[in-house]
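*Asks:* Coordinates in entry39.csv, CSV, C-alpha atoms and all ligand atoms, are listed below.
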```csv
chain,number,residue,atom,x,y,z
A,1,MET,CA,0.0,0.0,0.0
A,2,GLY,CA,2.5,2.5,1.1
A,3,SER,CA,0.0,5.3,1.2
A,4,GLY,CA,0.4,6.1,4.8
A,5,LYS,CA,-3.3,5.5,5.3
A,6,LEU,CA,-4.7,4.3,8.7
A,7,LYS,CA,-5.4,0.6,8.4
A,8,LEU,CA,-8.8,-0.5,9.8
A,9,ALA,CA,-10.3,-3.7,10.9
A,10,VAL,CA,-14.1,-3.3,11.0
A,11,LEU,CA,-16.0,-5.7,13.3
A,12,ILE,CA,-19.7,-6.3,12.6
A,13,SER,CA,-22.5,-8.6,13.6
A,14,GLY,CA,-25.3,-7.7,11.2
A,15,ARG,CA,-26.6,-5.3,8.6
A,16,GLY,CA,-23.4,-3.3,8.1
A,17,SER,CA,-24.8,0.1,7.1
A,18,ASN,CA,-22.1,1.9,9.1
A,19,LEU,CA,-19.5,-0.4,7.4
A,20,GLN,CA,-21.0,0.6,4.0
A,21,ALA,CA,-20.6,4.3,4.9
A,22,LEU,CA,-16.9,3.6,5.7
A,23,ILE,CA,-16.5,1.6,2.5
A,24,ASP,CA,-17.9,4.5,0.5
A,25,ALA,CA,-15.7,7.0,2.3
A,26,CYS,CA,-12.6,5.0,1.6
A,27,ARG,CA,-13.3,5.3,-2.2
A,28,ASP,CA,-12.3,8.9,-1.9
A,29,PRO,CA,-8.5,9.0,-2.5
A,30,SER,CA,-8.2,11.8,0.1
A,31,PHE,CA,-9.8,9.7,2.9
A,32,PRO,CA,-7.0,8.9,5.4
A,33,ALA,CA,-8.0,5.3,6.1
A,34,GLU,CA,-8.4,2.0,4.3
A,35,ILE,CA,-10.3,-1.2,5.4
A,36,ARG,CA,-8.0,-4.2,5.6
A,37,LEU,CA,-10.4,-6.6,7.2
A,38,VAL,CA,-14.1,-7.0,7.9
A,39,LEU,CA,-14.6,-9.5,10.7
A,40,SER,CA,-18.0,-10.8,11.8
A,41,ASN,CA,-18.9,-13.1,14.7
A,42,ARG,CA,-21.9,-14.3,12.6
A,43,ALA,CA,-21.6,-16.1,9.3
A,44,ASP,CA,-25.0,-14.8,8.2
A,45,ALA,CA,-24.2,-11.1,8.8
A,46,PRO,CA,-25.5,-9.2,5.7
A,47,GLY,CA,-22.6,-6.8,6.1
A,48,LEU,CA,-20.2,-9.5,4.9
A,49,ALA,CA,-21.6,-9.3,1.4
A,50,ARG,CA,-21.0,-5.5,1.4
A,51,ALA,CA,-17.3,-6.2,2.1
A,52,LYS,CA,-17.0,-8.9,-0.5
A,53,GLU,CA,-18.7,-6.6,-3.0
A,54,ALA,CA,-16.0,-4.0,-2.3
A,55,GLY,CA,-13.2,-6.6,-2.6
A,56,ILE,CA,-12.3,-6.4,1.1
A,57,GLN,CA,-11.0,-9.4,3.0
A,58,THR,CA,-13.6,-10.9,5.3
A,59,SER,CA,-13.4,-13.3,8.2
A,60,VAL,CA,-15.9,-15.1,10.4
A,61,VAL,CA,-15.1,-15.9,14.0
A,62,ASP,CA,-18.2,-17.5,15.3
A,63,HIS,CA,-18.5,-16.9,19.1
A,64,LYS,CA,-20.7,-20.0,19.4
A,65,ALA,CA,-17.9,-22.2,18.4
A,66,TYR,CA,-15.8,-21.3,21.4
A,67,PRO,CA,-16.2,-22.4,25.0
A,68,ASP,CA,-15.4,-19.0,26.5
A,69,ARG,CA,-14.9,-15.3,25.6
A,70,SER,CA,-11.1,-15.4,25.9
A,71,SER,CA,-10.6,-18.2,23.3
A,72,PHE,CA,-13.1,-16.4,20.9
A,73,GLU,CA,-11.2,-13.2,21.4
A,74,LYS,CA,-7.8,-14.9,20.9
A,75,ASP,CA,-8.8,-16.0,17.4
A,76,MET,CA,-10.2,-12.6,16.6
A,77,GLN,CA,-6.9,-11.0,17.8
A,78,LYS,CA,-5.0,-13.4,15.5
A,79,GLU,CA,-7.1,-12.4,12.4
A,80,ILE,CA,-6.9,-8.7,13.2
A,81,VAL,CA,-3.1,-8.8,13.8
A,82,GLU,CA,-2.6,-10.8,10.5
A,83,SER,CA,-4.6,-8.1,8.6
A,84,ASP,CA,-2.0,-5.5,9.8
A,85,ALA,CA,-4.8,-3.3,11.1
A,86,GLU,CA,-3.9,-0.4,13.3
A,87,LEU,CA,-7.4,0.6,14.5
A,88,ILE,CA,-10.4,-1.6,15.3
A,89,VAL,CA,-13.7,-0.1,14.3
A,90,LEU,CA,-16.8,-1.6,16.0
A,91,ALA,CA,-19.7,-1.1,13.7
A,92,GLY,CA,-22.7,-2.9,15.1
A,93,PHE,CA,-20.5,-5.5,16.7
A,94,MET,CA,-22.9,-7.0,19.4
A,95,ARG,CA,-20.5,-9.0,21.6
A,96,VAL,CA,-19.2,-7.7,24.9
A,97,LEU,CA,-15.4,-7.6,24.9
A,98,THR,CA,-13.3,-8.6,27.9
A,99,ALA,CA,-11.0,-6.0,29.5
A,100,GLU,CA,-8.1,-8.2,28.5
A,101,PHE,CA,-9.0,-7.8,24.8
A,102,VAL,CA,-9.8,-4.1,25.1
A,103,ASN,CA,-6.5,-3.5,26.8
A,104,LEU,CA,-4.6,-4.9,23.9
A,105,TRP,CA,-5.8,-1.9,21.8
A,106,PRO,CA,-5.5,1.2,24.0
A,107,ASN,CA,-6.7,4.2,22.0
A,108,ARG,CA,-6.8,1.9,19.0
A,109,MET,CA,-10.4,0.7,19.2
A,110,ILE,CA,-13.5,2.8,18.5
A,111,ASN,CA,-17.3,2.1,18.8
A,112,ILE,CA,-20.5,3.7,17.6
A,113,HIS,CA,-23.4,3.8,19.9
A,114,PRO,CA,-27.0,4.9,19.1
A,115,SER,CA,-27.5,7.3,21.9
A,116,LEU,CA,-26.1,10.5,23.3
A,117,LEU,CA,-23.7,8.9,25.8
A,118,PRO,CA,-23.5,8.8,28.7
A,119,ASP,CA,-27.3,8.5,28.4
A,120,TYR,CA,-28.7,5.1,27.4
A,121,LYS,CA,-25.8,2.7,27.5
A,122,GLY,CA,-26.7,-0.8,26.4
A,123,LEU,CA,-29.6,-1.9,24.2
A,124,ASN,CA,-33.0,-0.4,23.2
A,125,THR,CA,-31.7,3.1,23.3
A,126,HIS,CA,-34.4,4.7,21.2
A,127,ALA,CA,-37.3,3.1,23.0
A,128,ARG,CA,-35.9,4.2,26.3
A,129,ALA,CA,-35.3,7.8,25.1
A,130,LEU,CA,-38.9,7.9,23.8
A,131,ALA,CA,-40.3,6.4,27.0
A,132,ASP,CA,-38.5,9.1,29.0
A,133,GLY,CA,-40.1,11.9,26.9
A,134,LYS,CA,-36.7,13.2,25.7
A,135,LYS,CA,-36.7,15.9,23.1
A,136,GLU,CA,-33.4,14.9,21.5
A,137,ALA,CA,-31.6,11.7,20.6
A,138,GLY,CA,-28.4,11.0,18.7
A,139,CYS,CA,-25.3,8.9,18.4
A,140,THR,CA,-21.8,8.8,19.8
A,141,VAL,CA,-18.5,7.6,18.5
A,142,HIS,CA,-16.0,6.9,21.4
A,143,TYR,CA,-12.8,5.2,22.2
A,144,VAL,CA,-13.4,1.8,23.7
A,145,VAL,CA,-12.4,1.2,27.3
A,146,PRO,CA,-13.2,-1.9,29.4
A,147,GLU,CA,-16.4,-0.4,30.9
A,148,MET,CA,-19.2,-0.8,28.3
A,149,ASP,CA,-20.3,2.2,26.2
A,150,SER,CA,-17.9,4.5,28.1
A,151,GLY,CA,-14.6,6.0,27.0
A,152,PRO,CA,-13.6,9.3,25.6
A,153,ILE,CA,-16.0,10.8,23.1
A,154,ILE,CA,-14.7,11.5,19.6
A,155,VAL,CA,-17.9,12.7,17.8
A,156,GLN,CA,-21.5,13.1,18.9
A,157,LYS,CA,-24.4,14.0,16.6
A,158,ARG,CA,-27.9,15.1,17.7
A,159,VAL,CA,-31.3,14.8,16.1
A,160,PRO,CA,-34.7,16.0,17.3
A,161,ILE,CA,-37.3,13.6,18.7
A,162,LEU,CA,-40.5,14.5,16.8
A,163,PRO,CA,-44.2,13.9,17.7
A,164,GLY,CA,-45.3,10.5,16.5
A,165,ASP,CA,-41.8,9.0,16.5
A,166,THR,CA,-41.5,5.3,17.1
A,167,PRO,CA,-38.3,3.5,18.0
A,168,ASP,CA,-37.9,2.5,14.3
A,169,ILE,CA,-38.5,6.0,12.9
A,170,LEU,CA,-36.1,7.5,15.4
A,171,ALA,CA,-33.5,4.8,14.7
A,172,GLN,CA,-33.6,5.7,11.0
A,173,ARG,CA,-33.1,9.4,11.8
A,174,VAL,CA,-30.2,8.6,14.1
A,175,LEU,CA,-28.7,6.1,11.7
A,176,GLU,CA,-28.3,8.7,9.0
A,177,GLN,CA,-26.2,10.7,11.5
A,178,GLU,CA,-24.2,7.6,12.5
A,179,HIS,CA,-22.9,7.3,9.0
A,180,LEU,CA,-21.6,10.9,9.0
A,181,ALA,CA,-20.3,10.6,12.5
A,182,TYR,CA,-18.3,7.5,11.9
A,183,ILE,CA,-16.5,9.0,8.9
A,184,GLU,CA,-15.8,12.2,10.8
A,185,ALA,CA,-14.5,10.2,13.7
A,186,VAL,CA,-12.1,8.1,11.6
A,187,ARG,CA,-10.7,11.3,10.1
A,188,ILE,CA,-10.1,12.6,13.6
A,189,VAL,CA,-8.4,9.5,14.8
A,190,ALA,CA,-6.3,9.3,11.7
A,191,ARG,CA,-5.2,12.9,12.3
A,192,THR,CA,-4.5,12.1,16.0
A,193,LEU,CA,-2.3,9.2,14.9
A,194,ASN,CA,-0.5,11.5,12.4
A,195,LYS,CA,-1.8,9.6,9.4
A,196,SER,CA,-2.1,11.5,6.2
A,197,LEU,CA,-1.5,10.9,2.5
A,198,SER,CA,1.9,12.6,2.9
A,199,SER,CA,3.1,10.5,5.8
B,201,LIG,C1,-26.1,0.9,14.7
B,201,LIG,O1,-27.3,1.6,15.0
B,201,LIG,C2,-25.1,1.0,15.9
B,201,LIG,O2,-25.1,2.2,16.5
B,201,LIG,C3,-25.6,-0.1,16.8
B,201,LIG,O3,-26.0,-1.1,16.0
B,201,LIG,C4,-26.4,-0.6,14.7
B,201,LIG,C5,-25.7,-1.3,13.7
B,201,LIG,O4,-26.2,-1.0,12.4
B,201,LIG,N1,-24.6,-0.4,17.8
B,201,LIG,C6,-24.9,-0.8,19.0
B,201,LIG,O5,-26.0,-0.7,19.5
B,201,LIG,C7,-23.6,-1.1,19.8
B,201,LIG,N2,-24.0,-1.2,21.2
B,201,LIG,P1,-25.3,-1.3,11.1
B,201,LIG,O6,-25.0,-2.8,11.2
B,201,LIG,O7,-26.3,-1.0,10.0
B,201,LIG,O8,-24.1,-0.5,11.1
```
Let me see the structure of the file written as structure tokens.

*Replies:*
Amino acid sequence: MGSGKLKLAVLISGRGSNLQALIDACRDPSFPAEIRLVLSNRADAPGLARAKEAGIQTSVVDHKAYPDRSSFEKDMQKEIVESDAELIVLAGFMRVLTAEFVNLWPNRMINIHPSLLPDYKGLNTHARALADGKKEAGCTVHYVVPEMDSGPIIVQKRVPILPGDTPDILAQRVLEQEHLAYIEAVRIVARTLNKSLSS
């Protein structure tokens, strides 16, 4: 490669629309990152087809095939290291990671979460925001630390909650912002790591 681009391993479990946003961003020669590997813990994740379509290397490490988290993560680590990735990008990766694994990638793993963290960590974020009568929702890209959905925030984007919103309608409005947020966040991390086309 030799372009000085930040090498990414994108981890997914499902649809992969955030992955697609990153694939599309990487088509711009001035984008400071490239995807070296898309890894899924589910063989049936639709996002895998998006990666193959784009000619990106894929790998499946099925958590159900392992007796415990650490053996599962050991095989993931092997695949990621072999891909030469410098940054792990969690894009709808729905497995909790152990502190041991997270600590292998200090400041080198980022996650996108569909809420305005620190509000609504965990699942069903949009339903909970609606039930609380919130006026705003959004998404957060943050560095991953051992505590779930915590860690320094890189980018946050907000959307209004509108009358008649359902969790699905709100999720769609937030998702559009997620795609923008993730691209912005990768640019910021690349800059932080002194990656540019000229490096
Ligand atoms: C996204 O909304 C992402 O924020 C969320 O899963 C969805 C994945 O969609 N992630 C989490 O909830 C992580 N805790 P995608 O597969 O289309 O990118």

*Asks:* Any chance you could tabulate, as a tab-separated table, the residues of chain A at most 9 Å from ligand LIG 201 (chain B) with each one's nearest atom pair and distance in Å to one decimal, using all atoms listed in the file, in chain and rising number order?

*Replies:*
```
residue	atom	partner	partner_atom	distance
A:Ile12	CA	B:LIG201	O6	6.5
A:Ser13	CA	B:LIG201	O6	6.8
A:Gly14	CA	B:LIG201	O6	4.9
A:Arg15	CA	B:LIG201	O6	3.9
A:Gly16	CA	B:LIG201	O6	3.5
A:Ser17	CA	B:LIG201	O7	3.4
A:Asn18	CA	B:LIG201	O8	3.7
A:Leu19	CA	B:LIG201	O8	5.9
A:Gln20	CA	B:LIG201	O8	7.8
A:Ala21	CA	B:LIG201	O8	8.6
A:Ala45	CA	B:LIG201	O6	8.7
A:Pro46	CA	B:LIG201	O6	8.5
A:Gly47	CA	B:LIG201	O6	6.9
A:Leu90	CA	B:LIG201	C7	7.8
A:Ala91	CA	B:LIG201	O8	5.1
A:Gly92	CA	B:LIG201	C5	3.7
A:Phe93	CA	B:LIG201	C7	6.2
A:Met94	CA	B:LIG201	C7	6.0
A:Arg95	CA	B:LIG201	N2	8.6
A:Val96	CA	B:LIG201	N2	8.9
A:Asn111	CA	B:LIG201	C7	7.1
A:Ile112	CA	B:LIG201	O2	5.0
A:His113	CA	B:LIG201	O2	4.1
A:Pro114	CA	B:LIG201	O2	4.2
A:Ser115	CA	B:LIG201	O2	7.8
A:Lys121	CA	B:LIG201	N2	7.6
A:Gly122	CA	B:LIG201	N2	5.9
A:Leu123	CA	B:LIG201	O5	6.0
A:Asn124	CA	B:LIG201	O5	7.9
A:Thr125	CA	B:LIG201	O5	7.8
A:Cys139	CA	B:LIG201	O2	7.0
A:Thr140	CA	B:LIG201	O2	8.1
A:Val141	CA	B:LIG201	O2	8.8
A:Met148	CA	B:LIG201	N2	8.6
A:Asp149	CA	B:LIG201	N2	7.1
A:Ala171	CA	B:LIG201	O1	7.0
A:Gln172	CA	B:LIG201	O1	8.5
A:Val174	CA	B:LIG201	O1	7.6
A:Leu175	CA	B:LIG201	O1	5.8
A:Glu178	CA	B:LIG201	O2	6.8
A:His179	CA	B:LIG201	O8	8.2
```

*Asks:* Any idea what the distance is between atom CA of A:Gln57 and atom CA of A:Ala25?

*Replies:* 17.1 Å

*Asks:* Grab the atom CA of A:Tyr143 to atom CA of A:Glu86 distance for me, in Å with one decimal place.

*Replies:*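 Value for the atom CA of A:Tyr143-atom CA of A:Glu86 distance: 13.8 Å.
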
*Asks:* Counting only C-alpha atoms, which residue out of A:Leu48, A:Ala137, A:Ile188, A:Met76 sits closest to A:Pro160?

*Replies:*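 Looking at the shortest contact to A:Pro160, the residue is A:Ala137.
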
*Asks:* Can you tell me how far atom CA of A:Lys157 sits from atom CA of A:Leu117, in Å to one decimal?

*Replies:* 10.5 Å
